[in-house]
>>> print(open('coords14.cif').read())   # mmCIF, C-alpha atoms and all ligand atoms
data_coords
loop_
_atom_site.label_atom_id
_atom_site.label_comp_id
_atom_site.auth_asym_id
_atom_site.auth_seq_id
_atom_site.Cartn_x
_atom_site.Cartn_y
_atom_site.Cartn_z
CA MET A 237 107.07 115.19 93.21
CA PRO A 238 108.45 115.12 96.73
CA GLN A 239 106.29 115.67 99.82
CA ALA A 240 103.30 117.99 99.46
CA ILE A 241 100.77 119.51 101.81
CA TYR A 242 97.09 119.64 100.81
CA PRO A 243 95.50 122.20 103.16
CA GLY A 244 91.86 123.08 103.66
CA SER A 245 88.92 123.27 106.02
CA PHE A 246 87.51 119.85 105.03
CA ASP A 247 84.24 120.73 106.80
CA PRO A 248 83.41 118.03 105.88
CA ILE A 249 85.58 116.08 103.43
CA THR A 250 83.75 115.39 100.13
CA ASN A 251 84.34 113.05 97.21
CA GLY A 252 85.91 116.03 95.42
CA HIS A 253 88.57 116.33 98.14
CA MET A 254 89.10 112.56 98.04
CA ASP A 255 89.65 112.67 94.28
CA ILE A 256 92.40 115.28 94.72
CA ILE A 257 94.00 113.32 97.61
CA ARG A 258 94.04 110.06 95.61
CA ARG A 259 95.45 111.68 92.50
CA ALA A 260 98.04 113.66 94.48
CA SER A 261 99.14 110.47 96.25
CA THR A 262 100.04 108.94 92.89
CA ILE A 263 102.38 111.77 91.92
CA CYS A 264 103.86 112.73 95.31
CA ASP A 265 106.13 110.73 97.61
CA GLU A 266 103.95 111.78 100.53
CA VAL A 267 100.79 113.86 100.87
CA ILE A 268 100.03 115.53 104.18
CA VAL A 269 96.37 116.51 104.37
CA ALA A 270 96.42 119.53 106.67
CA ILE A 271 93.14 120.56 108.25
CA SER A 272 93.01 124.18 109.32
CA ASN A 273 91.87 124.70 112.86
CA ASN A 274 91.01 128.36 112.65
CA PRO A 275 88.69 129.36 115.52
CA SER A 276 87.59 132.53 113.69
CA LYS A 277 86.22 130.43 110.81
CA LYS A 278 83.13 128.76 112.19
CA ALA A 279 83.04 125.09 111.25
CA LEU A 280 80.12 122.66 111.47
CA PHE A 281 82.38 119.78 112.51
CA THR A 282 84.99 120.03 115.27
CA ILE A 283 88.62 119.65 114.37
CA GLU A 284 88.58 116.20 116.02
CA GLU A 285 85.63 115.11 113.87
CA ARG A 286 87.21 116.44 110.67
CA LEU A 287 90.51 114.71 111.48
CA ALA A 288 88.74 111.44 112.21
CA PHE A 289 86.84 111.49 108.87
CA VAL A 290 89.96 112.16 106.80
CA LYS A 291 92.04 109.61 108.73
CA GLU A 292 89.41 106.93 108.27
CA LEU A 293 88.93 107.66 104.56
CA THR A 294 92.65 107.72 103.75
CA LYS A 295 93.75 104.84 105.96
CA ASP A 296 94.32 102.59 102.93
CA ILE A 297 96.54 105.07 101.09
CA PRO A 298 99.98 104.43 102.59
CA ASN A 299 101.65 107.70 101.62
CA VAL A 300 98.89 109.96 102.97
CA THR A 301 99.00 111.36 106.50
CA VAL A 302 96.61 113.75 108.20
CA GLU A 303 97.32 116.62 110.59
CA SER A 304 95.76 119.84 111.79
CA PHE A 305 97.37 123.26 111.96
CA ASN A 306 96.43 126.58 113.51
CA THR A 307 99.12 128.92 112.26
CA LEU A 308 99.71 130.78 109.03
CA LEU A 309 99.76 128.17 106.25
CA VAL A 310 103.24 129.00 104.95
CA GLU A 311 104.66 128.94 108.48
CA TYR A 312 103.16 125.52 109.03
CA VAL A 313 104.41 124.23 105.66
CA ALA A 314 107.92 125.54 106.37
CA SER A 315 107.87 124.03 109.86
CA ARG A 316 107.18 120.64 108.28
CA ASN A 317 110.08 121.18 105.87
CA VAL A 318 107.78 120.83 102.86
CA LYS A 319 108.11 122.91 99.68
CA VAL A 320 104.85 122.18 97.85
CA ILE A 321 101.27 123.22 98.61
CA ILE A 322 98.55 121.49 96.61
CA ARG A 323 95.23 123.22 95.96
CA GLY A 324 92.26 122.05 93.94
CA LEU A 325 90.72 124.21 91.22
CA ARG A 326 87.09 123.73 90.37
CA ALA A 327 86.01 126.67 88.28
CA LEU A 328 86.96 130.12 87.23
CA THR A 329 85.37 131.35 90.44
CA ASP A 330 88.06 129.54 92.48
CA PHE A 331 90.81 131.01 90.37
CA GLU A 332 90.92 134.60 91.57
CA MET A 333 91.05 133.73 95.27
CA GLU A 334 93.52 130.88 94.75
CA PHE A 335 95.72 133.06 92.53
CA GLN A 336 95.82 135.77 95.20
CA MET A 337 96.60 133.26 97.94
CA ALA A 338 99.36 131.61 95.93
CA LEU A 339 100.97 135.00 95.22
CA ILE A 340 100.76 136.11 98.85
CA ASN A 341 102.18 132.82 100.05
CA LYS A 342 105.03 133.18 97.55
CA LYS A 343 105.71 136.67 98.87
CA LEU A 344 105.79 135.38 102.44
CA LYS A 345 107.98 132.33 101.70
CA LYS A 346 109.62 132.38 98.33
CA ASP A 347 110.83 128.79 98.32
CA ILE A 348 107.33 127.31 98.71
CA GLU A 349 105.44 126.50 95.48
CA THR A 350 101.67 126.18 95.06
CA VAL A 351 100.61 123.47 92.63
CA PHE A 352 97.03 123.38 91.32
CA MET A 353 95.19 120.20 90.46
CA VAL A 354 92.10 120.56 88.32
CA THR A 355 88.96 118.89 89.61
CA CYS A 356 87.59 115.93 87.73
CA THR A 357 84.40 116.80 85.84
CA ASP A 358 82.23 114.65 88.12
CA TYR A 359 82.99 116.85 91.14
CA SER A 360 83.46 120.26 89.58
CA TYR A 361 80.30 121.58 91.25
CA LEU A 362 81.02 120.04 94.65
CA SER A 363 81.94 121.97 97.77
CA SER A 364 81.59 121.39 101.51
CA SER A 365 79.20 124.34 101.75
CA ILE A 366 76.83 123.00 99.10
CA ILE A 367 76.84 119.61 100.84
CA LYS A 368 75.85 121.23 104.14
CA GLU A 369 73.15 123.24 102.42
CA ILE A 370 71.62 120.20 100.68
CA ALA A 371 71.82 118.15 103.89
CA SER A 372 70.08 120.89 105.86
CA PHE A 373 67.11 120.58 103.52
CA GLY A 374 67.11 116.81 103.79
CA GLY A 375 68.49 116.25 100.27
CA ASP A 376 70.32 113.09 99.26
CA ILE A 377 74.08 113.58 99.36
CA SER A 378 75.05 109.92 99.41
CA ALA A 379 76.75 110.10 95.99
CA LEU A 380 78.79 113.12 96.99
CA VAL A 381 80.34 112.17 100.33
CA SER A 382 81.43 108.94 102.00
CA PRO A 383 78.91 106.97 104.09
CA ILE A 384 80.58 108.01 107.39
CA VAL A 385 80.31 111.69 106.48
CA ASN A 386 76.76 111.24 105.20
CA GLU A 387 75.73 109.62 108.49
CA ALA A 388 77.45 112.30 110.58
CA LEU A 389 75.78 115.06 108.57
CA MET A 390 72.39 113.47 108.97
CA LYS A 391 72.94 113.28 112.73
CA LYS A 392 74.17 116.84 112.97
CA ILE A 393 71.87 118.73 110.62
CA GLY A 394 69.81 116.40 108.50
CA SER A 395 67.37 114.99 110.96
CA GLY A 396 66.76 117.42 113.76
CA GLY A 397 70.33 117.76 114.98
CA GLU A 398 71.77 121.26 115.53
P1 LIG A 401 89.37 126.10 102.10
O1 LIG A 401 88.54 126.72 103.16
O2 LIG A 401 90.85 126.18 102.38
O3 LIG A 401 89.04 126.50 100.68
P2 LIG A 401 88.16 123.54 101.47
O4 LIG A 401 88.05 122.35 102.35
O5 LIG A 401 86.89 124.18 101.00
O6 LIG A 401 89.08 124.54 102.26
O7 LIG A 401 89.01 123.16 100.18
C1 LIG A 401 90.31 122.66 100.28
C2 LIG A 401 90.91 122.54 98.89
O8 LIG A 401 90.20 121.56 98.15
C3 LIG A 401 90.82 123.82 98.06
O9 LIG A 401 91.98 123.94 97.26
C4 LIG A 401 89.61 123.59 97.19
O10 LIG A 401 89.67 124.33 95.98
C5 LIG A 401 89.74 122.10 96.93
N1 LIG A 401 88.46 121.48 96.59
C6 LIG A 401 87.32 121.51 97.29
N2 LIG A 401 86.33 120.83 96.64
C7 LIG A 401 86.88 120.37 95.50
C8 LIG A 401 86.39 119.62 94.37
N3 LIG A 401 85.13 119.24 94.30
N4 LIG A 401 87.26 119.33 93.38
C9 LIG A 401 88.54 119.76 93.45
N5 LIG A 401 89.07 120.47 94.46
C10 LIG A 401 88.26 120.78 95.47
#
>>> encode(input="coords14.cif", output="structure tokens", more="lines below")
Ligand code: ADP
Amino acid sequence: MPQAIYPGSFDPITNGHMDIIRRASTICDEVIVAISNNPSKKALFTIEERLAFVKELTKDIPNVTVESFNTLLVEYVASRNVKVIIRGLRALTDFEMEFQMALINKKLKKDIETVFMVTCTDYSYLSSSIIKEIASFGGDISALVSPIVNEALMKKIGSGGE
């Protein structure tokens, strides 16, 4: 595949996201991980923090770059001259929302395709929200996120942060 954009909140990036990024990088010429900077969607980590995590974790994958965007996704994708959006699918529960988004995006820009990559079984239950929830109760998330994210979560919410 040519260039593709993998958009999301990545608040924070998990091993499930990393699995999709790694696998996408093997089938695409270039993968742009695009972190949405949407002020109306309250994030735990700032856009700078989320960018720094993804940059650090993908620094050894040569065809992966990381950016943020704050416009409509299809406008951003078109502005980058990219034709493919990658989304991850975990379970049936993701499907309805993702299906709706893909159809709306197609309506808005008909030459942009959404491609779905199915989660690997190890991470099918994993989401950024569940990570934040477990961390807030002091649970062990070290197998689910990278050490830098684990440490940042502990600082922020795990041990008397925010
Ligand atoms: P958004 O708010 O756009 O859903 P997320 O950061 O939650 O942003 O997710 C970004 C993309 O990564 C979505 O397509 C989501 O389905 C996918 N994703 C998240 N977690 C996983 C996982 N564990 N396995 C596969 N895909 C995942």
>>> residues_around(input="coords14.cif", residues="stretch 338-355 of chain A", least_positions_apart="6", cutoff="9 Å", atoms="all atoms listed in the file", output="PyMOL selection string")
chain A and resi 252-253+255-256+259-260+309-311+313-314+318-327
>>> atom_distance(input="coords14.cif", atom1="atom CA of A:Thr282", atom2="atom CA of A:Asn386")
15.7 Å
>>> residues_around(input="coords14.cif", residues="A:Ser272", least_positions_apart="5", cutoff="8 Å", atoms="all atoms listed in the file", output="list in words")
Pro243, Gly244, Ser245, Ser304, Phe305 and Asn306 of chain A
>>> write_last_selection(input="coords14.cif", atoms="C-alpha atoms", output="PDB file, in the frame of the given file")
ATOM      1  CA  PRO A 243      95.500 122.200 103.160  1.00  0.00           C
ATOM      2  CA  GLY A 244      91.860 123.080 103.660  1.00  0.00           C
ATOM      3  CA  SER A 245      88.920 123.270 106.020  1.00  0.00           C
ATOM      4  CA  SER A 304      95.760 119.840 111.790  1.00  0.00           C
ATOM      5  CA  PHE A 305      97.370 123.260 111.960  1.00  0.00           C
ATOM      6  CA  ASN A 306      96.430 126.580 113.510  1.00  0.00           C
TER       7      ASN A 306
END
>>> atom_distance(input="coords14.cif", atom1="atom CA of A:Glu266", atom2="atom C2 of ligand LIG 401 (chain A)")
17.0 Å
>>> residues_near_point(input="coords14.cif", point="(88.3, 110.2, 110.2)", cutoff="12 Å", atoms="only C-alpha atoms", output="list in words")
Phe246, Asp247, Pro248, Ile249, Val269, Ile271, Phe281, Thr282, Ile283, Glu284, Glu285, Arg286, Leu287, Ala288, Phe289, Val290, Lys291, Glu292, Leu293, Thr294, Lys295, Thr301, Val302, Glu303, Ser382, Pro383, Ile384, Val385 and Ala388 of chain A
>>> atom_distance(input="coords14.cif", atom1="atom CA of A:Ser363", atom2="atom N3 of ligand LIG 401 (chain A)")
5.4 Å
>>> closest_residue(input="coords14.cif", among="A:Leu362, A:Met254, A:Ile263, A:Met337", to="ligand LIG 401 (chain A)", atoms="all atoms listed in the file")
A:Leu362
>>> closest_residue(input="coords14.cif", among="A:Ala371, A:Ile377, A:Leu389, A:Ala270", to="ligand LIG 401 (chain A)", atoms="only C-alpha atoms and all ligand atoms")
A:Ala270
>>> closest_residue(input="coords14.cif", among="A:Tyr361, A:Ala240, A:Met390, A:Phe335", to="A:Gly374", atoms="only C-alpha atoms")
A:Met390
>>> closest_residue(input="coords14.cif", among="A:Cys356, A:Ala379, A:Ile268, A:Leu280", to="ligand LIG 401 (chain A)", atoms="all atoms listed in the file")
A:Cys356
>>> closest_residue(input="coords14.cif", among="A:Ile393, A:Asp358, A:Tyr242, A:Pro298", to="A:Ile370", atoms="all atoms listed in the file")
A:Ile393
>>> closest_residue(input="coords14.cif", among="A:Val267, A:Ser378, A:Ile257, A:Gln336", to="ligand LIG 401 (chain A)", atoms="all atoms listed in the file")
A:Ile257
>>> decode(input="coords14.cif", residues="stretch 301-329 of chain A", atoms="N, CA, C and O atoms", output="PDB file, in the first residue's frame")
ATOM      1  N   THR A 301       5.997   8.237  10.749  1.00  0.00           N
ATOM      2  CA  THR A 301       6.168   9.602  11.240  1.00  0.00           C
ATOM      3  C   THR A 301       4.956   9.939  12.111  1.00  0.00           C
ATOM      4  O   THR A 301       3.929   9.268  12.047  1.00  0.00           O
ATOM      5  N   VAL A 302       5.095  10.986  12.898  1.00  0.00           N
ATOM      6  CA  VAL A 302       4.041  11.320  13.860  1.00  0.00           C
ATOM      7  C   VAL A 302       3.705  12.799  13.746  1.00  0.00           C
ATOM      8  O   VAL A 302       4.607  13.640  13.679  1.00  0.00           O
ATOM      9  N   GLU A 303       2.414  13.102  13.719  1.00  0.00           N
ATOM     10  CA  GLU A 303       1.965  14.494  13.616  1.00  0.00           C
ATOM     11  C   GLU A 303       0.721  14.661  14.476  1.00  0.00           C
ATOM     12  O   GLU A 303       0.124  13.681  14.887  1.00  0.00           O
ATOM     13  N   SER A 304       0.313  15.921  14.656  1.00  0.00           N
ATOM     14  CA  SER A 304      -0.996  16.152  15.268  1.00  0.00           C
ATOM     15  C   SER A 304      -1.856  16.898  14.256  1.00  0.00           C
ATOM     16  O   SER A 304      -1.330  17.473  13.295  1.00  0.00           O
ATOM     17  N   PHE A 305      -3.158  16.846  14.467  1.00  0.00           N
ATOM     18  CA  PHE A 305      -4.054  17.608  13.580  1.00  0.00           C
ATOM     19  C   PHE A 305      -5.237  18.107  14.393  1.00  0.00           C
ATOM     20  O   PHE A 305      -5.593  17.504  15.412  1.00  0.00           O
ATOM     21  N   ASN A 306      -5.811  19.233  13.955  1.00  0.00           N
ATOM     22  CA  ASN A 306      -6.954  19.759  14.711  1.00  0.00           C
ATOM     23  C   ASN A 306      -8.099  20.184  13.794  1.00  0.00           C
ATOM     24  O   ASN A 306      -8.888  21.043  14.137  1.00  0.00           O
ATOM     25  N   THR A 307      -8.133  19.540  12.616  1.00  0.00           N
ATOM     26  CA  THR A 307      -9.220  19.831  11.688  1.00  0.00           C
ATOM     27  C   THR A 307     -10.038  18.560  11.493  1.00  0.00           C
ATOM     28  O   THR A 307      -9.763  17.540  12.105  1.00  0.00           O
ATOM     29  N   LEU A 308     -11.016  18.639  10.607  1.00  0.00           N
ATOM     30  CA  LEU A 308     -11.770  17.447  10.244  1.00  0.00           C
ATOM     31  C   LEU A 308     -10.790  16.427   9.665  1.00  0.00           C
ATOM     32  O   LEU A 308      -9.927  16.791   8.849  1.00  0.00           O
ATOM     33  N   LEU A 309     -10.938  15.158  10.063  1.00  0.00           N
ATOM     34  CA  LEU A 309      -9.957  14.144   9.645  1.00  0.00           C
ATOM     35  C   LEU A 309      -9.763  14.103   8.124  1.00  0.00           C
ATOM     36  O   LEU A 309      -8.634  14.139   7.633  1.00  0.00           O
ATOM     37  N   VAL A 310     -10.877  14.052   7.371  1.00  0.00           N
ATOM     38  CA  VAL A 310     -10.705  13.919   5.917  1.00  0.00           C
ATOM     39  C   VAL A 310     -10.022  15.151   5.296  1.00  0.00           C
ATOM     40  O   VAL A 310      -9.303  15.026   4.309  1.00  0.00           O
ATOM     41  N   GLU A 311     -10.263  16.315   5.903  1.00  0.00           N
ATOM     42  CA  GLU A 311      -9.593  17.528   5.405  1.00  0.00           C
ATOM     43  C   GLU A 311      -8.085  17.415   5.636  1.00  0.00           C
ATOM     44  O   GLU A 311      -7.273  17.750   4.783  1.00  0.00           O
ATOM     45  N   TYR A 312      -7.746  16.938   6.834  1.00  0.00           N
ATOM     46  CA  TYR A 312      -6.332  16.774   7.155  1.00  0.00           C
ATOM     47  C   TYR A 312      -5.681  15.740   6.226  1.00  0.00           C
ATOM     48  O   TYR A 312      -4.599  15.978   5.677  1.00  0.00           O
ATOM     49  N   VAL A 313      -6.376  14.614   6.026  1.00  0.00           N
ATOM     50  CA  VAL A 313      -5.816  13.539   5.179  1.00  0.00           C
ATOM     51  C   VAL A 313      -5.615  14.064   3.754  1.00  0.00           C
ATOM     52  O   VAL A 313      -4.562  13.859   3.134  1.00  0.00           O
ATOM     53  N   ALA A 314      -6.610  14.790   3.251  1.00  0.00           N
ATOM     54  CA  ALA A 314      -6.503  15.340   1.895  1.00  0.00           C
ATOM     55  C   ALA A 314      -5.366  16.358   1.817  1.00  0.00           C
ATOM     56  O   ALA A 314      -4.607  16.389   0.834  1.00  0.00           O
ATOM     57  N   SER A 315      -5.215  17.158   2.877  1.00  0.00           N
ATOM     58  CA  SER A 315      -4.164  18.183   2.863  1.00  0.00           C
ATOM     59  C   SER A 315      -2.772  17.551   2.836  1.00  0.00           C
ATOM     60  O   SER A 315      -1.812  18.162   2.381  1.00  0.00           O
ATOM     61  N   ARG A 316      -2.675  16.325   3.325  1.00  0.00           N
ATOM     62  CA  ARG A 316      -1.387  15.620   3.309  1.00  0.00           C
ATOM     63  C   ARG A 316      -1.222  14.803   2.034  1.00  0.00           C
ATOM     64  O   ARG A 316      -0.268  14.061   1.884  1.00  0.00           O
ATOM     65  N   ASN A 317      -2.232  14.887   1.160  1.00  0.00           N
ATOM     66  CA  ASN A 317      -2.199  14.154  -0.111  1.00  0.00           C
ATOM     67  C   ASN A 317      -2.179  12.642   0.062  1.00  0.00           C
ATOM     68  O   ASN A 317      -1.535  11.936  -0.720  1.00  0.00           O
ATOM     69  N   VAL A 318      -2.848  12.172   1.100  1.00  0.00           N
ATOM     70  CA  VAL A 318      -2.884  10.738   1.401  1.00  0.00           C
ATOM     71  C   VAL A 318      -4.289  10.224   1.067  1.00  0.00           C
ATOM     72  O   VAL A 318      -5.267  10.961   1.156  1.00  0.00           O
ATOM     73  N   LYS A 319      -4.356   8.954   0.650  1.00  0.00           N
ATOM     74  CA  LYS A 319      -5.655   8.406   0.210  1.00  0.00           C
ATOM     75  C   LYS A 319      -6.191   7.319   1.142  1.00  0.00           C
ATOM     76  O   LYS A 319      -7.290   6.807   0.948  1.00  0.00           O
ATOM     77  N   VAL A 320      -5.375   6.906   2.120  1.00  0.00           N
ATOM     78  CA  VAL A 320      -5.784   5.769   2.953  1.00  0.00           C
ATOM     79  C   VAL A 320      -5.772   6.135   4.443  1.00  0.00           C
ATOM     80  O   VAL A 320      -4.783   6.656   4.956  1.00  0.00           O
ATOM     81  N   ILE A 321      -6.901   5.830   5.101  1.00  0.00           N
ATOM     82  CA  ILE A 321      -6.987   5.975   6.561  1.00  0.00           C
ATOM     83  C   ILE A 321      -6.983   4.563   7.141  1.00  0.00           C
ATOM     84  O   ILE A 321      -7.745   3.705   6.688  1.00  0.00           O
ATOM     85  N   ILE A 322      -6.136   4.330   8.120  1.00  0.00           N
ATOM     86  CA  ILE A 322      -6.132   3.020   8.791  1.00  0.00           C
ATOM     87  C   ILE A 322      -6.840   3.152  10.134  1.00  0.00           C
ATOM     88  O   ILE A 322      -6.588   4.091  10.890  1.00  0.00           O
ATOM     89  N   ARG A 323      -7.723   2.204  10.431  1.00  0.00           N
ATOM     90  CA  ARG A 323      -8.329   2.152  11.760  1.00  0.00           C
ATOM     91  C   ARG A 323      -8.197   0.731  12.279  1.00  0.00           C
ATOM     92  O   ARG A 323      -8.142  -0.225  11.508  1.00  0.00           O
ATOM     93  N   GLY A 324      -8.128   0.609  13.595  1.00  0.00           N
ATOM     94  CA  GLY A 324      -8.048  -0.722  14.199  1.00  0.00           C
ATOM     95  C   GLY A 324      -9.446  -1.177  14.605  1.00  0.00           C
ATOM     96  O   GLY A 324     -10.268  -0.361  15.013  1.00  0.00           O
ATOM     97  N   LEU A 325      -9.699  -2.464  14.486  1.00  0.00           N
ATOM     98  CA  LEU A 325     -10.987  -3.017  14.931  1.00  0.00           C
ATOM     99  C   LEU A 325     -10.727  -4.034  16.017  1.00  0.00           C
ATOM    100  O   LEU A 325      -9.992  -4.995  15.809  1.00  0.00           O
ATOM    101  N   ARG A 326     -11.358  -3.809  17.170  1.00  0.00           N
ATOM    102  CA  ARG A 326     -11.154  -4.750  18.267  1.00  0.00           C
ATOM    103  C   ARG A 326     -12.297  -5.749  18.369  1.00  0.00           C
ATOM    104  O   ARG A 326     -12.095  -6.927  18.425  1.00  0.00           O
ATOM    105  N   ALA A 327     -13.492  -5.248  18.410  1.00  0.00           N
ATOM    106  CA  ALA A 327     -14.625  -6.142  18.664  1.00  0.00           C
ATOM    107  C   ALA A 327     -15.815  -5.613  17.904  1.00  0.00           C
ATOM    108  O   ALA A 327     -15.768  -4.553  17.282  1.00  0.00           O
ATOM    109  N   LEU A 328     -16.881  -6.364  18.004  1.00  0.00           N
ATOM    110  CA  LEU A 328     -18.106  -5.966  17.325  1.00  0.00           C
ATOM    111  C   LEU A 328     -18.538  -4.571  17.778  1.00  0.00           C
ATOM    112  O   LEU A 328     -19.076  -3.789  17.008  1.00  0.00           O
ATOM    113  N   THR A 329     -18.240  -4.266  19.046  1.00  0.00           N
ATOM    114  CA  THR A 329     -18.642  -2.973  19.590  1.00  0.00           C
ATOM    115  C   THR A 329     -17.962  -1.811  18.858  1.00  0.00           C
ATOM    116  O   THR A 329     -18.518  -0.728  18.771  1.00  0.00           O
TER     117      THR A 329
END
